[in-house]
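Participant: Got a file for you: query_36.cif, mmCIF, C-alpha atoms and all ligand atoms.
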```cif
data_protein
loop_
_atom_site.label_atom_id
_atom_site.label_comp_id
_atom_site.auth_asym_id
_atom_site.auth_seq_id
_atom_site.Cartn_x
_atom_site.Cartn_y
_atom_site.Cartn_z
CA MET A 170 18.30 -10.67 14.57
CA VAL A 171 15.52 -9.77 17.00
CA ALA A 172 11.92 -10.67 16.08
CA PRO A 173 9.37 -7.82 15.97
CA PRO A 174 6.85 -6.96 18.69
CA ASP A 175 3.78 -9.25 18.59
CA ASN A 176 1.24 -6.56 17.75
CA ASP A 177 3.16 -5.28 14.71
CA VAL A 178 2.16 -7.03 11.49
CA LEU A 179 5.01 -5.24 9.74
CA TRP A 180 8.17 -4.04 11.37
CA ALA A 181 11.28 -2.56 9.86
CA ARG A 182 14.52 -1.43 11.41
CA GLY A 183 17.32 0.77 10.09
CA LEU A 184 16.22 0.73 6.46
CA HIS A 185 18.69 2.14 3.98
CA TYR A 186 18.22 2.03 0.23
CA SER A 187 20.18 3.72 -2.54
CA TYR A 188 19.58 3.91 -6.28
CA ASN A 189 23.00 3.72 -7.99
CA GLY A 190 24.70 5.22 -4.95
CA SER A 191 22.11 7.94 -4.47
CA PRO A 192 20.39 7.47 -1.07
CA ALA A 193 16.58 7.27 -1.01
CA LEU A 194 16.16 5.89 2.55
CA THR A 195 18.68 6.55 5.30
CA GLY A 196 17.93 4.59 8.46
CA VAL A 197 14.15 4.47 8.70
CA SER A 198 12.53 2.26 11.33
CA ILE A 199 8.80 1.66 11.45
CA GLY A 200 6.16 -0.56 13.02
CA VAL A 201 2.72 -1.11 11.51
CA ARG A 202 0.10 -2.60 13.80
CA GLU A 203 -2.39 -5.21 12.67
CA GLY A 204 -5.55 -3.65 11.24
CA GLU A 205 -4.32 -0.07 11.27
CA ILE A 206 -4.30 2.41 8.41
CA LEU A 207 -0.93 4.13 8.38
CA ALA A 208 -0.31 7.14 6.14
CA VAL A 209 3.24 7.83 4.98
CA THR A 210 3.50 11.47 3.96
CA GLY A 211 6.29 13.70 2.71
CA PRO A 212 7.17 15.81 -0.31
CA ARG A 213 8.03 14.36 -3.72
CA GLY A 214 11.26 12.40 -3.57
CA SER A 215 11.20 11.99 0.22
CA GLY A 216 11.28 8.18 -0.05
CA LYS A 217 7.62 7.16 0.39
CA SER A 218 7.51 4.76 -2.58
CA THR A 219 10.91 3.31 -1.72
CA LEU A 220 9.75 2.67 1.85
CA LEU A 221 6.58 0.88 0.63
CA LYS A 222 8.65 -1.19 -1.81
CA CYS A 223 11.06 -2.23 0.96
CA LEU A 224 8.21 -3.09 3.33
CA SER A 225 6.46 -5.18 0.66
CA GLY A 226 9.61 -7.07 -0.33
CA GLN A 227 9.89 -5.55 -3.81
CA LEU A 228 13.21 -3.96 -2.88
CA LEU A 229 15.77 -5.35 -0.45
CA PRO A 230 17.08 -2.78 2.03
CA ASP A 231 20.85 -2.51 2.23
CA PRO A 232 21.26 -2.58 5.14
CA GLY A 233 18.06 -3.01 7.13
CA GLU A 234 15.50 -5.52 8.37
CA VAL A 235 11.86 -6.02 7.38
CA TRP A 236 9.65 -8.45 9.23
CA PHE A 237 6.15 -9.59 8.28
CA ASN A 238 4.76 -11.22 11.41
CA SER A 239 7.56 -13.60 12.32
CA ALA A 240 9.03 -13.84 8.80
CA PRO A 241 12.28 -11.95 8.12
CA VAL A 242 11.41 -10.63 4.64
CA HIS A 243 14.94 -9.26 4.10
CA THR A 244 16.41 -12.78 4.24
CA LEU A 245 13.82 -14.52 2.01
CA THR A 246 14.70 -15.65 -1.48
CA ARG A 247 13.23 -13.74 -4.39
CA ALA A 248 10.75 -16.59 -5.02
CA ALA A 249 9.62 -16.59 -1.37
CA ARG A 250 9.17 -12.81 -1.45
CA GLU A 251 7.10 -13.13 -4.63
CA ARG A 252 4.91 -15.76 -2.96
CA LEU A 253 4.46 -13.49 0.04
CA ARG A 254 3.44 -10.61 -2.20
CA ARG A 255 1.04 -12.83 -4.16
CA ASP A 256 -0.60 -14.47 -1.13
CA ARG A 257 -0.53 -11.84 1.62
CA PHE A 258 0.03 -8.38 0.13
CA GLY A 259 -2.00 -6.17 -2.17
CA TRP A 260 -0.48 -3.29 -4.13
CA ILE A 261 -2.27 -0.24 -5.49
CA ASP A 262 -0.13 2.05 -7.62
CA SER A 263 -0.76 5.61 -8.72
CA GLU A 264 -1.34 4.18 -12.24
CA PRO A 265 -3.75 1.28 -12.76
CA HIS A 266 -1.52 -1.09 -14.86
CA LEU A 267 -4.35 -3.40 -15.96
CA VAL A 268 -3.94 -6.27 -18.43
CA PRO A 269 -5.36 -4.82 -21.66
CA GLU A 270 -6.63 -8.14 -23.05
CA LEU A 271 -8.73 -8.92 -19.96
CA THR A 272 -12.08 -7.43 -18.99
CA ALA A 273 -12.46 -5.38 -15.80
CA TRP A 274 -13.77 -8.34 -13.80
CA GLU A 275 -11.03 -10.63 -15.11
CA ASN A 276 -8.43 -8.04 -14.08
CA ALA A 277 -9.97 -7.71 -10.62
CA ALA A 278 -10.11 -11.52 -10.27
CA LEU A 279 -6.56 -12.11 -11.53
CA PRO A 280 -4.72 -12.36 -8.16
CA LEU A 281 -7.33 -14.87 -6.94
CA LEU A 282 -7.08 -16.92 -10.15
CA VAL A 283 -3.27 -16.92 -9.95
CA ARG A 284 -3.55 -18.11 -6.36
CA GLY A 285 -5.72 -21.07 -7.48
CA THR A 286 -9.19 -19.85 -6.47
CA GLY A 287 -11.93 -21.35 -8.66
CA ARG A 288 -13.17 -19.16 -11.53
CA ARG A 289 -16.72 -18.83 -10.18
CA ALA A 290 -15.63 -17.73 -6.68
CA ALA A 291 -12.99 -15.39 -8.10
CA LYS A 292 -15.52 -13.81 -10.44
CA GLN A 293 -18.02 -13.32 -7.62
CA ALA A 294 -15.43 -11.63 -5.38
CA ALA A 295 -14.27 -9.42 -8.26
CA LEU A 296 -17.84 -8.38 -9.15
CA GLU A 297 -18.63 -7.53 -5.51
CA TRP A 298 -15.60 -5.26 -5.24
CA LEU A 299 -16.29 -3.62 -8.60
CA GLU A 300 -19.82 -2.85 -7.34
CA ARG A 301 -18.51 -1.39 -4.08
CA LEU A 302 -16.17 0.82 -6.03
CA ASP A 303 -19.01 1.98 -8.33
CA VAL A 304 -17.67 0.33 -11.48
CA GLY A 305 -19.89 -2.74 -11.47
CA ASP A 306 -21.38 -1.71 -14.81
CA CYS A 307 -17.88 -1.76 -16.36
CA ALA A 308 -17.24 -5.40 -15.42
CA ARG A 309 -17.36 -6.73 -18.98
CA ARG A 310 -15.40 -3.92 -20.60
CA ARG A 311 -11.69 -3.97 -21.37
CA PRO A 312 -9.41 -1.26 -19.94
CA ALA A 313 -9.22 0.64 -23.25
CA ALA A 314 -12.99 1.24 -23.07
CA LEU A 315 -12.76 2.73 -19.55
CA LEU A 316 -11.90 6.18 -18.26
CA GLN A 317 -8.66 6.49 -16.29
CA ALA A 318 -10.64 6.97 -13.05
CA GLN A 319 -12.62 3.78 -13.79
CA ARG A 320 -9.42 1.87 -14.52
CA GLN A 321 -8.00 3.00 -11.17
CA ARG A 322 -11.11 1.77 -9.37
CA VAL A 323 -10.68 -1.61 -11.10
CA ALA A 324 -7.06 -1.70 -9.90
CA ILE A 325 -8.22 -0.99 -6.34
CA ALA A 326 -10.85 -3.75 -6.63
CA ARG A 327 -8.09 -6.09 -7.84
CA ALA A 328 -6.01 -5.38 -4.72
CA LEU A 329 -8.94 -5.80 -2.32
CA ALA A 330 -10.69 -8.81 -3.91
CA ALA A 331 -7.79 -11.05 -2.94
CA GLU A 332 -8.31 -10.11 0.75
CA PRO A 333 -4.65 -9.44 1.46
CA THR A 334 -3.31 -9.09 5.00
CA VAL A 335 -1.60 -5.81 4.10
CA VAL A 336 -2.53 -3.40 1.31
CA PHE A 337 0.20 -1.05 0.13
CA ALA A 338 -1.30 1.96 -1.62
CA ASP A 339 1.17 4.30 -3.31
CA GLU A 340 -0.72 7.52 -4.02
CA PRO A 341 -3.74 5.43 -5.08
CA THR A 342 -5.99 8.37 -5.90
CA ALA A 343 -3.46 10.30 -7.99
CA PRO A 344 -5.37 9.77 -11.29
CA LEU A 345 -8.74 10.76 -9.80
CA HIS A 346 -10.52 14.12 -9.57
CA SER A 347 -10.86 15.54 -6.06
CA ALA A 348 -14.54 14.53 -5.67
CA ASP A 349 -13.73 10.97 -6.77
CA ARG A 350 -10.63 10.94 -4.61
CA ALA A 351 -12.49 11.35 -1.32
CA GLN A 352 -15.09 8.75 -2.23
CA VAL A 353 -12.59 6.12 -3.37
CA LEU A 354 -10.39 6.67 -0.34
CA ARG A 355 -13.36 6.35 1.96
CA THR A 356 -14.32 3.08 0.23
CA LEU A 357 -10.76 1.85 0.67
CA THR A 358 -10.58 2.79 4.35
CA THR A 359 -14.09 1.48 5.12
CA ALA A 360 -13.22 -1.81 3.40
CA ALA A 361 -9.97 -2.00 5.33
CA ARG A 362 -11.76 -1.52 8.63
CA SER A 363 -14.61 -3.94 7.91
CA HIS A 364 -12.25 -6.64 6.61
CA HIS A 365 -9.57 -5.92 9.23
CA LEU A 366 -6.95 -5.18 6.58
CA THR A 367 -3.78 -3.32 7.39
CA VAL A 368 -3.12 -0.44 4.99
CA VAL A 369 0.11 1.45 4.36
CA LEU A 370 -0.84 4.50 2.33
CA ALA A 371 1.73 6.81 0.72
CA THR A 372 0.21 10.17 0.03
CA LEU A 373 1.11 13.78 -0.67
CA ASP A 374 -2.27 14.96 0.36
CA ASP A 375 -3.33 15.93 3.91
CA GLU A 376 -6.99 15.05 3.30
CA SER A 377 -6.03 11.46 2.50
CA ALA A 378 -3.69 11.28 5.47
CA ALA A 379 -6.49 12.47 7.75
CA LEU A 380 -8.42 9.24 7.03
CA ALA A 381 -5.57 7.20 8.50
CA ASP A 382 -5.14 6.09 12.11
CA ARG A 383 -1.58 7.37 12.20
CA THR A 384 0.69 9.45 10.06
CA VAL A 385 4.40 9.09 9.57
CA ALA A 386 6.24 11.86 7.75
CA LEU A 387 9.38 11.37 5.69
CA ALA A 388 11.82 14.04 4.57
CA ASP A 389 14.92 13.28 2.50
CA GLY A 390 14.65 9.56 3.22
CA ARG A 391 14.45 10.06 6.96
CA ARG A 392 11.79 10.36 9.57
CA GLY A 393 10.25 13.81 9.64
CA GLY A 394 7.84 13.15 12.53
CA GLY A 395 4.18 12.24 13.02
CA ILE A 396 1.46 14.78 12.38
CA PRO A 397 -0.61 15.08 15.56
CA PHE A 398 -4.36 14.72 15.10
CA PRO A 399 -6.50 17.06 17.19
CA ASP A 400 -8.42 14.22 18.83
CA ALA A 401 -5.31 12.44 20.03
CA PRO A 402 -4.02 14.22 23.12
CA GLY A 403 -0.68 13.19 24.46
CA GLY A 404 0.52 11.69 21.19
CA GLU A 405 -1.39 8.43 21.64
CA GLY A 406 -4.00 6.76 19.42
CA ARG A 407 -4.23 8.27 15.97
CA ALA A 408 -1.11 10.37 16.44
CA ALA A 409 1.16 7.76 17.94
CA CYS A 410 4.05 7.23 15.60
CA SER A 411 6.58 4.45 15.84
CA VAL A 412 8.94 5.59 13.11
CA SER A 413 12.46 6.50 13.93
CA ALA A 414 15.58 7.12 11.96
N1 LIG A 501 14.12 3.82 -9.98
C1 LIG A 501 14.82 4.84 -9.48
N2 LIG A 501 16.05 5.11 -9.97
C2 LIG A 501 16.80 6.12 -9.46
N3 LIG A 501 16.38 6.96 -8.46
C3 LIG A 501 15.17 6.74 -7.97
C4 LIG A 501 14.31 5.68 -8.44
N4 LIG A 501 13.16 5.71 -7.75
C5 LIG A 501 13.26 6.74 -6.87
N5 LIG A 501 14.46 7.36 -7.01
C6 LIG A 501 14.95 8.50 -6.21
O1 LIG A 501 14.87 8.13 -4.83
C7 LIG A 501 14.39 9.21 -4.05
C8 LIG A 501 13.12 8.78 -3.31
O2 LIG A 501 12.12 8.52 -4.31
P1 LIG A 501 10.70 7.93 -3.94
O3 LIG A 501 10.00 7.69 -5.25
O4 LIG A 501 10.85 6.82 -3.01
O5 LIG A 501 10.04 9.18 -3.19
P2 LIG A 501 8.51 9.58 -3.06
O6 LIG A 501 8.40 10.30 -1.78
O7 LIG A 501 7.66 8.37 -3.26
O8 LIG A 501 8.32 10.57 -4.26
P3 LIG A 501 7.03 10.77 -5.21
O9 LIG A 501 5.96 11.37 -4.36
O10 LIG A 501 7.53 11.69 -6.27
O11 LIG A 501 6.70 9.39 -5.74
C9 LIG A 501 14.18 10.37 -5.00
O12 LIG A 501 15.34 11.17 -4.98
C10 LIG A 501 14.03 9.70 -6.34
O13 LIG A 501 14.47 10.54 -7.38
#
```
Let me see whether you can do it: turn the structure in this file into structure tokens.
Ligand SMILES: Nc1ncnc2c1ncn2[C@@H]1O[C@H](COP(=O)(O)OP(=O)(O)OP(=O)(O)O)[C@@H](O)[C@H]1O
Facilitator:
Amino acid sequence: MVAPPDNDVLWARGLHYSYNGSPALTGVSIGVREGEILAVTGPRGSGKSTLLKCLSGQLLPDPGEVWFNSAPVHTLTRAARERLRRDRFGWIDSEPHLVPELTAWENAALPLLVRGTGRRAAKQAALEWLERLDVGDCARRRPAALLQAQRQRVAIARALAAEPTVVFADEPTAPLHSADRAQVLRTLTTAARSHHLTVVLATLDDESAALADRTVALADGRRGGGIPFPDAPGGEGRAACSVSA
């Protein structure tokens, strides 16, 4: 096993993953640099979600290696991977999946509370993020009393309030209308830049991908190629793409 390059917070090599014998990833390698926003694009079924789940330790590649800093995620026990996800990673799904019995602020504070942060500090962090995401006035309501778009904003606040090292966002604006989509994505990317978070964003939509520093395209579980941005001559900067298959 060879450790990843120093400037990659996440690094994966030769990822394969199959669901009941049906291949979803076939030899994807990728490096994600600290503090960058990386968009993973590709049509439905191309393997974006599976890649994010392998990178975040939810799924174990077979075969393949995933490293988070100097930790070989693919060799960690299930309990160690769960700790890593709880303490260092945030996850935003295309559906909000909130706890129905808890209010919006309690949902947003949940990862901090689980991690042992005091209730007052956790509440304050949750309320700040709910405000930033324009759902501060929903803080005391339960999910059933919220619109789907409001619930999704609460789920995004929940991922960011815990100040993870890496945020995995799997089509995070899918339940939002297009006007909301741009605003929420901008909030997410601005927050990532100001808090120096690394973001891996799976998206079907070119507008969302354009907010990223780099884009990696998947097709049929393999690398499709990076989409060059106009302001990145020579394939460097925003267009540089370290995925290979
Ligand atoms: N739980 C599962 N069980 C069986 N097959 C699955 C499962 N999840 C994904 N797949 C299959 O794996 C392949 C890759 O799916 P994946 O969800 O990773 O792609 P995706 O690019 O994220 O697609 P989408 O945009 O629709 O979410 C697809 O063929 C999909 O049908």
Participant: Hey, could you make a per-residue contact list for stretch 339-372 of chain A against stretch 211-228 of chain A with 9 Å as the cut-off, showing the nearest pair of atoms and its distance in Å to one decimal, counting all atoms listed in the file, sorted by chain and number, as a tab-separated table?
Facilitator:
```
residue	atom	partner	partner_atom	distance
A:Asp339	CA	A:Ser218	CA	6.4
A:Glu340	CA	A:Ser218	CA	8.8
A:Val369	CA	A:Leu221	CA	7.5
A:Leu370	CA	A:Leu221	CA	8.4
A:Ala371	CA	A:Lys217	CA	5.9
A:Thr372	CA	A:Gly211	CA	7.5
```
Participant: Put those residues in a file: C-alpha atoms, as a PDB file, in the frame of the given file.
Facilitator:
```
ATOM      1  CA  ASP A 339       1.170   4.300  -3.310  1.00  0.00           C
ATOM      2  CA  GLU A 340      -0.720   7.520  -4.020  1.00  0.00           C
ATOM      3  CA  VAL A 369       0.110   1.450   4.360  1.00  0.00           C
ATOM      4  CA  LEU A 370      -0.840   4.500   2.330  1.00  0.00           C
ATOM      5  CA  ALA A 371       1.730   6.810   0.720  1.00  0.00           C
ATOM      6  CA  THR A 372       0.210  10.170   0.030  1.00  0.00           C
TER       7      THR A 372
END
```
Participant: Show me, as a list in words, the residues that have an atom within 6 Å of stretch 269-272 of chain A when counting all atoms listed in the file, minus same-chain residues fewer than 4 positions from it.
Facilitator: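 Surrounding residues, per the criterion: Asn276, Arg309, Arg310, Arg311 and Pro312 of chain A.
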Participant: Kindly indicate which residue among A:Ala277, A:Leu194, A:Ala381, A:Arg250 lies nearest to A:Pro232, using all atoms listed in the file for the distances.
Facilitator: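 Smallest separation from A:Pro232 among the options: A:Leu194.
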Participant: With distances taken over all atoms listed in the file, which residue among A:Arg327, A:His365, A:Arg391, A:Arg350 lies nearest A:Ser377?
Facilitator: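 Answer, going by the shortest atom-to-atom distance: A:Arg350.
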Participant: What is the distance, in Å and to one decimal place, between atom CA of A:Leu354 and atom CA of A:Ala330?
Facilitator: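 Going from atom CA of A:Leu354 over to atom CA of A:Ala330 covers 15.9 Å.
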Participant: Enclose the full set of atoms of ligand LIG 501 (chain A) listed in the file within a box whose edges lie along x, y and z, apply 3 Å of padding to each of the six sides, and report centre and edge lengths in Å to one decimal as AutoDock Vina command-line options.
Facilitator:
```
--center_x 11.4 --center_y 7.8 --center_z -5.9 --size_x 16.8 --size_y 13.9 --size_z 14.2
```
Participant: Please report the interatomic distance between atom CA of A:Cys307 and atom CA of A:Val336 in Å with one decimal.
Facilitator: 23.5 Å
Participant: Would you compute the distance between atom CA of A:Ala193 and atom CA of A:Ala181? Give it in Å to one decimal.
Facilitator: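 If I compute the distance from atom CA of A:Ala193 to atom CA of A:Ala181, I get 15.6 Å.
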Participant: Return the single residue from A:Asp231, A:Asp177, A:Glu300, A:Glu251 that is closest to A:Pro192, with distances computed using only C-alpha atoms.
Facilitator: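 Nearest candidate to A:Pro192 out of A:Asp231, A:Asp177, A:Glu300, A:Glu251: A:Asp231.
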Participant: Calculated over all atoms listed in the file, which of the candidates A:Ala388, A:Gly393, A:His266, A:Ile325 has the smallest distance to ligand LIG 501 (chain A)?
Facilitator: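 Residue with the minimum atom-to-atom distance to ligand LIG 501 (chain A): A:Ala388.
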Participant: Hey, what's within 8 Å of A:Thr195 if we count only C-alpha atoms and toss same-chain stuff fewer than 2 positions away? As a VMD selection string, please?
Facilitator: chain A and resid 183 to 186 192 to 193 197 390 to 391 414
Participant: Which residue out of A:Ser239, A:Ser263, A:Ser198, A:Asn176 has the minimum interatomic distance to ligand LIG 501 (chain A) when only C-alpha atoms and all ligand atoms are used?
Facilitator: A:Ser263
Participant: Between A:Arg182, A:Arg255, A:Arg202, A:His243, single out the one closest to A:Val368, counting only C-alpha atoms.
Facilitator: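 Ranking A:Arg182, A:Arg255, A:Arg202, A:His243 by distance to A:Val368, first place goes to A:Arg202.
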Participant: Need to verify the contact set: A:Leu299, 10 Å, only C-alpha atoms, exclusion of same-chain residues closer than 5 positions in sequence. Can you return it as a short mmCIF file (atom, residue, chain, number, x, y, z; two decimals) with C-alpha atoms, keeping the file's coordinate frame?
Facilitator:
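Output file selection_6.cif is given in full below:
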```
data_model
loop_
_atom_site.label_atom_id
_atom_site.label_comp_id
_atom_site.auth_asym_id
_atom_site.auth_seq_id
_atom_site.Cartn_x
_atom_site.Cartn_y
_atom_site.Cartn_z
CA ALA A 273 -12.46 -5.38 -15.80
CA TRP A 274 -13.77 -8.34 -13.80
CA ALA A 277 -9.97 -7.71 -10.62
CA GLN A 293 -18.02 -13.32 -7.62
CA ALA A 294 -15.43 -11.63 -5.38
CA VAL A 304 -17.67 0.33 -11.48
CA GLY A 305 -19.89 -2.74 -11.47
CA ASP A 306 -21.38 -1.71 -14.81
CA CYS A 307 -17.88 -1.76 -16.36
CA ALA A 308 -17.24 -5.40 -15.42
CA GLN A 319 -12.62 3.78 -13.79
CA ARG A 322 -11.11 1.77 -9.37
CA VAL A 323 -10.68 -1.61 -11.10
CA ALA A 324 -7.06 -1.70 -9.90
CA ILE A 325 -8.22 -0.99 -6.34
CA ALA A 326 -10.85 -3.75 -6.63
CA ARG A 327 -8.09 -6.09 -7.84
CA LEU A 329 -8.94 -5.80 -2.32
CA ALA A 330 -10.69 -8.81 -3.91
#
```
